[in-house]
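File shown here: work_18.pdb, holding PDB, C-alpha atoms.
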ATOM      1  CA  MET A   1      11.355  12.507  20.817
ATOM      2  CA  SER A   2      13.897  11.768  18.180
ATOM      3  CA  ASN A   3      13.922   8.034  17.695
ATOM      4  CA  GLU A   4      10.330   8.106  16.570
ATOM      5  CA  LEU A   5      10.719  11.217  14.446
ATOM      6  CA  ARG A   6      13.949   9.964  12.949
ATOM      7  CA  SER A   7      12.085   7.080  11.352
ATOM      8  CA  VAL A   8      10.924   9.599   8.733
ATOM      9  CA  THR A   9      14.345   9.188   7.142
ATOM     10  CA  GLU A  10      13.514   5.506   6.624
ATOM     11  CA  LEU A  11      10.524   6.241   4.400
ATOM     12  CA  ASP A  12      10.539   4.282   1.149
ATOM     13  CA  ARG A  13      12.053   6.917  -1.145
ATOM     14  CA  LEU A  14      10.838   5.116  -4.221
ATOM     15  CA  ILE A  15       7.287   5.939  -3.162
ATOM     16  CA  HIS A  16       8.118   9.215  -1.426
ATOM     17  CA  GLU A  17       9.031  10.913  -4.730
ATOM     18  CA  PRO A  18       5.862  12.954  -5.417
ATOM     19  CA  ALA A  19       5.261  11.871  -9.020
ATOM     20  CA  ARG A  20       5.697   8.215  -8.090
ATOM     21  CA  LEU A  21       3.484   8.660  -5.028
ATOM     22  CA  LEU A  22       0.824  10.002  -7.373
ATOM     23  CA  ILE A  23       1.257   7.097  -9.815
ATOM     24  CA  VAL A  24       1.061   4.344  -7.190
ATOM     25  CA  THR A  25      -1.860   6.097  -5.485
ATOM     26  CA  ILE A  26      -3.809   6.191  -8.741
ATOM     27  CA  LEU A  27      -2.921   2.567  -9.476
ATOM     28  CA  SER A  28      -4.080   1.591  -5.989
ATOM     29  CA  THR A  29      -7.596   2.754  -6.869
ATOM     30  CA  VAL A  30      -7.982   0.776 -10.090
ATOM     31  CA  GLU A  31      -7.574  -2.824 -11.210
ATOM     32  CA  SER A  32      -5.165  -1.691 -13.946
ATOM     33  CA  ALA A  33      -4.524   1.413 -16.031
ATOM     34  CA  ASP A  34      -3.104   2.008 -19.462
ATOM     35  CA  PHE A  35      -0.276   4.431 -20.132
ATOM     36  CA  LEU A  36      -2.461   7.120 -21.710
ATOM     37  CA  PHE A  37      -4.858   7.078 -18.790
ATOM     38  CA  LEU A  38      -1.958   7.505 -16.373
ATOM     39  CA  GLN A  39      -0.472  10.269 -18.488
ATOM     40  CA  ARG A  40      -3.772  12.138 -18.459
ATOM     41  CA  GLU A  41      -4.345  11.640 -14.751
ATOM     42  CA  THR A  42      -0.825  12.576 -13.668
ATOM     43  CA  ASP A  43      -0.166  15.267 -16.285
ATOM     44  CA  LEU A  44       3.419  14.005 -16.517
ATOM     45  CA  THR A  45       5.312  14.036 -19.783
ATOM     46  CA  LYS A  46       5.588  10.737 -21.618
ATOM     47  CA  GLY A  47       9.297  10.557 -20.806
ATOM     48  CA  ASN A  48       8.847  11.294 -17.113
ATOM     49  CA  LEU A  49       5.982   8.857 -16.729
ATOM     50  CA  SER A  50       7.976   6.150 -18.532
ATOM     51  CA  ALA A  51      11.008   6.716 -16.330
ATOM     52  CA  HIS A  52       8.990   6.586 -13.109
ATOM     53  CA  LEU A  53       7.107   3.472 -14.234
ATOM     54  CA  SER A  54      10.399   1.765 -15.055
ATOM     55  CA  ARG A  55      11.747   2.524 -11.580
ATOM     56  CA  LEU A  56       8.567   1.141 -10.040
ATOM     57  CA  GLU A  57       8.697  -1.940 -12.256
ATOM     58  CA  GLU A  58      12.339  -2.605 -11.339
ATOM     59  CA  ALA A  59      11.375  -2.468  -7.667
ATOM     60  CA  GLY A  60       8.602  -4.975  -8.291
ATOM     61  CA  TYR A  61       5.925  -2.447  -7.314
ATOM     62  CA  VAL A  62       4.278  -2.229 -10.725
ATOM     63  CA  LYS A  63       3.724  -4.853 -13.406
ATOM     64  CA  ILE A  64       3.774  -3.539 -16.950
ATOM     65  CA  GLU A  65       2.356  -5.468 -19.883
ATOM     66  CA  LYS A  66       2.831  -4.305 -23.441
ATOM     67  CA  THR A  67       0.117  -5.610 -25.709
ATOM     68  CA  PHE A  68      -1.938  -4.408 -28.646
ATOM     69  CA  LYS A  69      -5.446  -3.069 -28.933
ATOM     70  CA  GLY A  70      -6.124  -3.877 -32.540
ATOM     71  CA  LYS A  71      -3.024  -2.479 -34.230
ATOM     72  CA  LEU A  72      -2.328   0.105 -31.542
ATOM     73  CA  PRO A  73       0.221  -0.643 -28.846
ATOM     74  CA  LEU A  74      -1.262  -0.739 -25.368
ATOM     75  CA  THR A  75       0.760  -0.518 -22.167
ATOM     76  CA  VAL A  76      -1.134  -1.784 -19.164
ATOM     77  CA  CYS A  77       0.119  -1.053 -15.657
ATOM     78  CA  LYS A  78      -0.930  -2.705 -12.450
ATOM     79  CA  LEU A  79       0.142  -2.282  -8.841
ATOM     80  CA  THR A  80       1.599  -5.574  -7.568
ATOM     81  CA  SER A  81       0.882  -6.941  -4.111
ATOM     82  CA  ALA A  82       4.391  -5.842  -3.105
ATOM     83  CA  GLY A  83       3.556  -2.350  -4.372
ATOM     84  CA  LYS A  84       0.298  -2.286  -2.429
ATOM     85  CA  LYS A  85       2.058  -3.417   0.723
ATOM     86  CA  SER A  86       4.791  -0.800   0.365
ATOM     87  CA  LEU A  87       2.276   1.968  -0.279
ATOM     88  CA  THR A  88       0.248   0.957   2.783
ATOM     89  CA  GLN A  89       3.368   0.890   4.937
ATOM     90  CA  TYR A  90       4.593   4.210   3.539
ATOM     91  CA  ARG A  91       1.266   5.889   4.260
ATOM     92  CA  GLN A  92       1.232   4.503   7.792
ATOM     93  CA  GLN A  93       4.763   5.719   8.524
ATOM     94  CA  LEU A  94       4.079   9.141   7.037
ATOM     95  CA  GLN A  95       0.799   9.541   8.918
ATOM     96  CA  ASP A  96       2.497   8.480  12.150
ATOM     97  CA  PHE A  97       5.107  11.171  11.591
ATOM     98  CA  MET A  98       2.431  13.780  10.860
ATOM     99  CA  ASN A  99       0.479  12.799  13.968
ATOM    100  CA  ARG A 100       3.510  12.927  16.220
ATOM    101  CA  THR A 101       4.521  16.374  15.033
ATOM    102  CA  GLN A 102       1.222  18.201  15.043
TER     103      GLN A 102
ATOM    104  CA  MET P   1     -10.169  13.141  -8.838
ATOM    105  CA  SER P   2      -6.902  14.035 -10.444
ATOM    106  CA  ASN P   3      -6.598  17.775 -10.230
ATOM    107  CA  GLU P   4      -6.628  17.625  -6.474
ATOM    108  CA  LEU P   5      -4.374  14.596  -6.248
ATOM    109  CA  ARG P   6      -2.004  16.003  -8.821
ATOM    110  CA  SER P   7      -1.159  18.848  -6.474
ATOM    111  CA  VAL P   8       1.053  16.375  -4.618
ATOM    112  CA  THR P   9       3.621  16.946  -7.359
ATOM    113  CA  GLU P  10       3.723  20.609  -6.310
ATOM    114  CA  LEU P  11       4.936  19.829  -2.802
ATOM    115  CA  ASP P  12       7.970  21.859  -1.755
ATOM    116  CA  ARG P  13      10.711  19.356  -2.550
ATOM    117  CA  LEU P  14      13.178  21.178  -0.390
ATOM    118  CA  ILE P  15      11.107  20.217   2.636
ATOM    119  CA  HIS P  16       9.837  16.922   1.222
ATOM    120  CA  GLU P  17      13.294  15.354   1.331
ATOM    121  CA  PRO P  18      13.049  13.209   4.512
ATOM    122  CA  ALA P  19      16.248  14.355   6.239
ATOM    123  CA  ARG P  20      15.371  18.013   5.624
ATOM    124  CA  LEU P  21      11.793  17.408   6.765
ATOM    125  CA  LEU P  22      13.233  16.030   9.994
ATOM    126  CA  ILE P  23      15.577  19.012  10.405
ATOM    127  CA  VAL P  24      12.927  21.688   9.847
ATOM    128  CA  THR P  25      10.471  19.787  12.050
ATOM    129  CA  ILE P  26      12.968  19.703  14.914
ATOM    130  CA  LEU P  27      13.801  23.383  14.392
ATOM    131  CA  SER P  28      10.092  24.224  14.432
ATOM    132  CA  THR P  29       9.888  22.948  18.019
ATOM    133  CA  VAL P  30      12.756  25.000  19.439
ATOM    134  CA  GLU P  31      13.829  28.625  19.483
ATOM    135  CA  SER P  32      17.214  27.663  18.024
ATOM    136  CA  ALA P  33      19.492  24.646  17.988
ATOM    137  CA  ASP P  34      23.229  24.171  17.707
ATOM    138  CA  PHE P  35      24.823  21.880  15.164
ATOM    139  CA  LEU P  36      25.753  19.162  17.653
ATOM    140  CA  PHE P  37      22.222  19.032  19.022
ATOM    141  CA  LEU P  38      20.842  18.649  15.495
ATOM    142  CA  GLN P  39      23.414  16.001  14.677
ATOM    143  CA  ARG P  40      22.437  14.006  17.750
ATOM    144  CA  GLU P  41      18.708  14.392  17.150
ATOM    145  CA  THR P  42      18.806  13.555  13.447
ATOM    146  CA  ASP P  43      21.589  10.960  13.581
ATOM    147  CA  LEU P  44      22.867  12.357  10.275
ATOM    148  CA  THR P  45      26.567  12.465   9.490
ATOM    149  CA  LYS P  46      28.280  15.817   9.888
ATOM    150  CA  GLY P  47      28.645  16.119   6.113
ATOM    151  CA  ASN P  48      25.026  15.271   5.379
ATOM    152  CA  LEU P  49      23.681  17.595   8.040
ATOM    153  CA  SER P  50      25.932  20.406   6.777
ATOM    154  CA  ALA P  51      24.800  19.899   3.200
ATOM    155  CA  HIS P  52      21.100  19.872   4.115
ATOM    156  CA  LEU P  53      21.473  22.950   6.329
ATOM    157  CA  SER P  54      23.225  24.778   3.506
ATOM    158  CA  ARG P  55      20.360  23.972   1.124
ATOM    159  CA  LEU P  56      17.859  25.218   3.701
ATOM    160  CA  GLU P  57      19.918  28.351   4.345
ATOM    161  CA  GLU P  58      20.148  29.112   0.604
ATOM    162  CA  ALA P  59      16.358  28.845   0.384
ATOM    163  CA  GLY P  60      15.999  31.278   3.270
ATOM    164  CA  TYR P  61      14.323  28.641   5.445
ATOM    165  CA  VAL P  62      17.062  28.454   8.071
ATOM    166  CA  LYS P  63      19.358  31.103   9.496
ATOM    167  CA  ILE P  64      22.780  29.887  10.519
ATOM    168  CA  GLU P  65      25.063  31.835  12.838
ATOM    169  CA  LYS P  66      28.622  30.792  13.462
ATOM    170  CA  THR P  67      29.892  32.063  16.780
ATOM    171  CA  PHE P  68      32.081  30.846  19.626
ATOM    172  CA  LYS P  69      31.305  29.401  23.011
ATOM    173  CA  GLY P  70      34.489  30.266  24.791
ATOM    174  CA  LYS P  71      37.104  29.034  22.370
ATOM    175  CA  LEU P  72      34.868  26.406  20.796
ATOM    176  CA  PRO P  73      33.070  27.171  17.544
ATOM    177  CA  LEU P  74      29.311  27.137  17.863
ATOM    178  CA  THR P  75      26.910  26.908  14.932
ATOM    179  CA  VAL P  76      23.420  28.026  15.833
ATOM    180  CA  CYS P  77      20.492  27.253  13.512
ATOM    181  CA  LYS P  78      17.077  28.795  13.562
ATOM    182  CA  LEU P  79      13.994  28.313  11.408
ATOM    183  CA  THR P  80      13.123  31.611   9.717
ATOM    184  CA  SER P  81       9.573  32.853   9.353
ATOM    185  CA  ALA P  82       9.744  31.869   5.663
ATOM    186  CA  GLY P  83      10.804  28.381   6.763
ATOM    187  CA  LYS P  84       7.950  28.163   9.264
ATOM    188  CA  LYS P  85       5.468  29.273   6.641
ATOM    189  CA  SER P  86       6.747  26.755   4.084
ATOM    190  CA  LEU P  87       6.681  23.921   6.601
ATOM    191  CA  THR P  88       3.102  24.769   7.591
ATOM    192  CA  GLN P  89       2.020  24.895   3.962
ATOM    193  CA  TYR P  90       3.850  21.668   3.148
ATOM    194  CA  ARG P  91       2.189  19.845   6.041
ATOM    195  CA  GLN P  92      -1.223  21.143   5.016
ATOM    196  CA  GLN P  93      -0.782  20.030   1.393
ATOM    197  CA  LEU P  94       0.529  16.634   2.419
ATOM    198  CA  GLN P  95      -2.253  16.074   4.952
ATOM    199  CA  ASP P  96      -4.842  17.108   2.354
ATOM    200  CA  PHE P  97      -3.401  14.519  -0.028
ATOM    201  CA  MET P  98      -3.448  11.838   2.675
ATOM    202  CA  ASN P  99      -7.041  12.656   3.606
ATOM    203  CA  ARG P 100      -8.238  12.590   0.010
ATOM    204  CA  THR P 101      -6.653   9.224  -0.676
ATOM    205  CA  GLN P 102      -7.636   7.250   2.396
TER     206      GLN P 102
END
Show me this structure written as structure tokens.
Amino acid sequence: MSNELRSVTELDRLIHEPARLLIVTILSTVESADFLFLQRETDLTKGNLSAHLSRLEEAGYVKIEKTFKGKLPLTVCKLTSAGKKSLTQYRQQLQDFMNRTQ
Amino acid sequence: MSNELRSVTELDRLIHEPARLLIVTILSTVESADFLFLQRETDLTKGNLSAHLSRLEEAGYVKIEKTFKGKLPLTVCKLTSAGKKSLTQYRQQLQDFMNRTQ
């Protein structure tokens, strides 16, 4: 059995981290989302959300644009095509593991 | 949507870690397993496997007995009922998340 099961250790750990999995999942359902929306939806602290978004941006999974809405700063986040692809692959690998170990 | 999705951040991180998920999954399919069997099945290094087993033992998820087989040391690992329960709950929560976000 083990070769197939063992592939669970090859899961993309950047996405596997639960808070980041939540962030990329939310972003996968919208065209883009601003920081406050993500904070409300995830219930993460500002610091935690920032840190996770930075990790995702560094990996090329999320694109972050800092602009202004009037005089207020606005941070807009968007899942990149690389991020979408990695999420799809992650979900497939995880579901395969779940199915094989029912 | 978010309250339900957000529960993904409450996953048991002890089990969520991929190598430990593999270990507890293997242990859930057998009565008990010795260290060498687990090492072969997981393909983890001795040090990594030891460290993960210690974490699982500290949490009360795995019981580890060090005995001898003749003159050779034998380390026998077994998933406890608490470990079984946590794995079942983890799988349920994860599958719920996957189903809700298809």
Tell me, as a PDB file with C-alpha atoms, in the frame of the given file, which residues lie within 8 Å of A:Phe35, counting only C-alpha atoms; anything in the same chain fewer than 2 positions away does not count.
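Result file is around_4.pdb:
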ATOM      1  CA  ALA A  33      -4.524   1.413 -16.031  1.00  0.00           C
ATOM      2  CA  PHE A  37      -4.858   7.078 -18.790  1.00  0.00           C
ATOM      3  CA  LEU A  38      -1.958   7.505 -16.373  1.00  0.00           C
ATOM      4  CA  GLN A  39      -0.472  10.269 -18.488  1.00  0.00           C
ATOM      5  CA  LEU A  74      -1.262  -0.739 -25.368  1.00  0.00           C
ATOM      6  CA  THR A  75       0.760  -0.518 -22.167  1.00  0.00           C
ATOM      7  CA  VAL A  76      -1.134  -1.784 -19.164  1.00  0.00           C
ATOM      8  CA  CYS A  77       0.119  -1.053 -15.657  1.00  0.00           C
TER       9      CYS A  77
END
**Message:** So, with only C-alpha atoms as the atoms that count, which of P:Gln102, P:Pro18, P:Thr29, P:Gln92 lies closest to chain A?
**Reply:**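 With only C-alpha atoms as the atom set, the closest residue is P:Pro18.
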Set out as a tab-separated table a contact list for chain A and chain P with a cut-off of 7 Å, giving each residue of chain A that qualifies its closest atom pair and distance in Å to one decimal, counting all atoms listed in the file, ordered by chain and rising residue number.
residue	atom	partner	partner_atom	distance
A:Ser2	CA	P:Glu41	CA	5.6
A:Arg6	CA	P:Thr42	CA	6.1
A:Val8	CA	P:Pro18	CA	5.9
A:Thr9	CA	P:Pro18	CA	5.0
A:Pro18	CA	P:Thr9	CA	5.0
A:Ala19	CA	P:Thr9	CA	5.6
A:Leu22	CA	P:Arg6	CA	6.8
A:Glu41	CA	P:Ser2	CA	5.6
A:Thr42	CA	P:Arg6	CA	6.1
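Atom pair atom CA of P:Thr67 / atom CA of P:Arg55 has a distance of 20.0 Å (rounded to one decimal).
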**Request:** In Å, rounded to a single decimal, give me how far atom CA of A:Leu87 is from atom CA of P:Gly83.
**Result:** 28.6 Å
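One distance worth recording is that between atom CA of P:Glu4 and atom CA of A:Leu27, which is 15.8 Å.
Minimum distance to P:Ser86 across P:Ala59, P:Leu53, P:Leu36, P:Val30 (counting all atoms listed in the file) occurs at P:Ala59.
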Where's the centre, and what are the edge lengths in Å to one decimal, of a box along x, y and z enclosing all listed atoms of stretch 15-18 of chain P padded 3 Å per side, as lines of an AutoDock Vina configuration file?
center_x = 11.6
center_y = 16.7
center_z = 2.9
size_x = 9.5
size_y = 13.0
size_z = 9.3
**Asked** Taking into account all atoms listed in the file, which residue in the set A:Val62, A:Leu49, A:Leu14, A:Leu56 is nearest to A:Ser32?
**Response**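 Nearest to A:Ser32: A:Val62.
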